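Novice: One structure follows; several queries about it will come next.
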Amino acid sequence: MNQFQITPAVDATQEFIEIANDFSNPLDLVREAISNSYDARATKIQIAFDVIKQYGESVLRIAISDNGSGMNSHQLQNFFDLGNSTRRGDSTTIGEKGHGTKVYFNSAKIEVETSSNAQGFHAIMDEPFKKLHNRQIPIADVIPRNDIPDGTKITILGYNNNRRDRFTHKILKDYILWFTKHGAIENQFRQNDTPVELRLKGLGQDFLENLTQGHTFPNDSPHINKLFEQHLVKAPDYYVKKILRTGSLKNRPEIKFEAIFCIEGKYAKYSYNEMLRRPGYSPPEGAYTIQERYGLWICKDYIPIQRKNEWITFKGSEYTKFHAFINCQDLRLTANRGSIDNTPSEILQDLQQETLRIYDEIIKSDEWTSMEWLEDEAQAYQTTEKEKKNFEWRIKKVNRSNVCTFNGLTLVEPERESGVFSIALLLSTQIPDLFPFQILDYDTHEGIDVIAKGNKSTPITSAKLFYVEFKQTLTGNFNHSFENLHSVVCWDTDIKHDDYVKDINSEERKMQIIQPDNGDYTRHFLDNPKKAHKIEVFCLKKYLKEKLNIEFSPRTSHSIF
Ligand SMILES: Nc1ncnc2c1ncn2[C@@H]1O[C@H](COP(=O)(O)OP(=O)(O)OP(=O)(O)O)[C@@H](O)[C@H]1O
Ligand SMILES: [Mg+2]
């Protein structure tokens, strides 16, 4: 066989389909259109979405017009070409790939009316989507016209199979102010040479709304003392401090970046972003959470491309405090502009390092300390408030509690273990033989227990020592061991005669309640026939009544204790 050559060919229809479908988010159309109008130096842009009736069917109509440079015949050719860009090599424009308008091919009709230097054209392309899928290159019919004002008007019918859920006015507005040139963060670094007016009418809205140029940031909050005075515990959520940084990459000083880190509390975010979900607010269709939207965005052309929270934070949701962007014109985007992953990894690494440096500097800065101070203050305030509430609750409780007087002492009916202990201690100092043990030492670390001596006359060194446990209510599950347990002192018990009580070692003991005979008191024992010692349970409620005739009753309005 003779030597021969191969000229690689392009399957044109397939490539058109690939590129048109590669823009996966239907809103990408809006971003591409706005970029093209900005590239044409327009100062007025209008975007209107409507649903019109055609042969009884609902058809989505998107009309984008601008007063930019318009297109000459060559540029109009580029408009329909794939990969031919009039903007290539111009560093002042966004366009570079000749891909953008191909997103329009995913439609039933494209109509372009454009005029450059008083020479106008009217181009119509019918059924681009259908034709491409029939492996036909769709043709645009062009009529020269000189009655068209300078600028461009593009009308797209039946885009994306007429799906229209993403084109509500609020979703569009949010998208434009976050992800298109009109919402670019550039205005934070320099004044726009010529302001651009963009008017939008999305679905569900019947008038054009003027969208202010540039991404929205809240104003810096007032001095922290004032902020705290105004919002108290919510003060950290109202904190705003915008920090701008510019620089160049360490290993490639020719590559510049510009960054804006806005430290922003959640209420500050709510104040300007109606799309944020929050408690007690029914948000518009397409709403999102702070976690879903905020953090650090990497930008090209000052338009956010990809979020990289992992560049600044390693754990948790610390990133939600930031409304941050870093722009670098040396990033290379994928064909659909959805990611920065075509950028050489050394550049990305350097940029990440710079970002981290800014982040580190910020969290060591006075601004960050201010916010942390507010958070601490808020917490302290909250604790004080809690204690105040707790105090009020305790006062109410004091008024509700049962009391009694004994030997000139006012005793309060215990409501917890510590109360049982106090009353037992108090009474046993008054009446030394109230209990058949003597308290030597107590510990409140894991519940209240005391070390006691059973026989009061034996010196400590030779006496056998035991535990005595205190409980508000003795129940069937005893959370200590019966081993070395002399007695239990409780306020009350729900254990009935012959019921079992189990300790932490699963030793079971039977409750024995012995009714008093003449002058004695009702005795409670926890009995195990295999063990010599019966554990006595002193149920103070009954015990104090029977032994000392102490009975508790509610405080009256005359009570002085
Ligand atoms: N609104 C407009 N005004 C003037 N010219 C336009 C407009 N929209 C598109 N064009 C022309 O159509 C061409 C193709 O646009 P397209 O968006 O596909 O590519 P691009 O902007 O050059 O590059 P990119 O793919 O990066 O957007 C542009 O280069 C420009 O000449
Ligand atoms: Mg473009």
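For the structure tokens, the naming scheme is as follows: chains receive sequential letters (A, B, ...) according to their order of presentation, residues are indexed from 1 within each chain, and ligands are indexed from 1 in presentation order.
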Which neighbours of Ala378 of chain A fall inside 9 Å, counting only C-alpha atoms, when residues of the same chain fewer than 3 positions from it are skipped, and could you give them as an MDAnalysis selection string?
Specialist: chainID A and resid 228 232:236 373:375 381:383
Novice: Quick check for you: according to DSSP on this backbone, which residues of segment 51-244 of chain A are classed as alpha helix (DSSP H)? Reply as a PyMOL selection string.
Specialist: chain A and resi 73-80+128-133+169-179+224-231+235-238
Novice: Please list as a list in words every residue within 10 Å of Lys256 of chain A, counting only C-alpha atoms and excluding residues in the same chain fewer than 5 positions away.
Specialist: Thr246, Gly247, Ser248, Leu249, Lys250, Asn327, Cys328, Gln329, Asp330 and Leu351 of chain A
Novice: Report, in Å to a single decimal, how far apart atom CA of Gly280 of chain A and atom CA of Phe261 of chain A are.
Specialist: 28.9 Å
Novice: Counting only C-alpha atoms and all ligand atoms, what residues are within 6 Å of ligand 1, given as a list in words?
Specialist: Asn36, Ser37, Ala40, Gly68, Ser69, Gly70, Met71, Gln75, Asn78, Phe79, Ser85, Thr86, Arg87, Gly95, Glu96, Lys97, Gly98, His99, Gly100, Thr101, Lys102 and Thr152 of chain A
Novice: Grab the atom CA of Asp494 of chain A to atom CA of Trp393 of chain A distance for me, in Å with one decimal place.
Specialist: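 Interatomic distance, atom CA of Asp494 of chain A to atom CA of Trp393 of chain A: 27.6 Å.
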Novice: From the options A:Gly214, A:Gly183, A:Gly83, A:Gly56, which residue's atoms come nearest to ligand 2, counting only C-alpha atoms and all ligand atoms?
Specialist: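 Distance minimum relative to ligand 2 lands on A:Gly83.
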Novice: Which residues are close to Leu208 of chain A, i.e. within 9 Å by only C-alpha atoms, leaving aside same-chain residues fewer than 3 positions away? Reply as a compact mmCIF listing (two decimals) with C-alpha atoms, in the first residue's frame.
Specialist:
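Contents of out-v4.txt, as written:
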# COMPACT_ATOMS: atom_id res chain seq x y z
CA GLN A 46 -32.73 44.01 28.30
CA ILE A 47 -33.71 40.40 28.98
CA ALA A 48 -37.34 39.30 28.89
CA ARG A 199 -33.49 45.38 32.82
CA LEU A 200 -34.99 41.98 33.49
CA LYS A 201 -38.41 40.45 33.26
CA GLY A 202 -38.51 36.81 34.26
CA GLN A 205 -43.28 39.17 36.60
Novice: Skip Ile504 of chain A itself and residues of its chain fewer than 6 positions away, then list as a ChimeraX atom specification all residues within 12 Å of it, counting only C-alpha atoms.
Specialist: /A:476-483
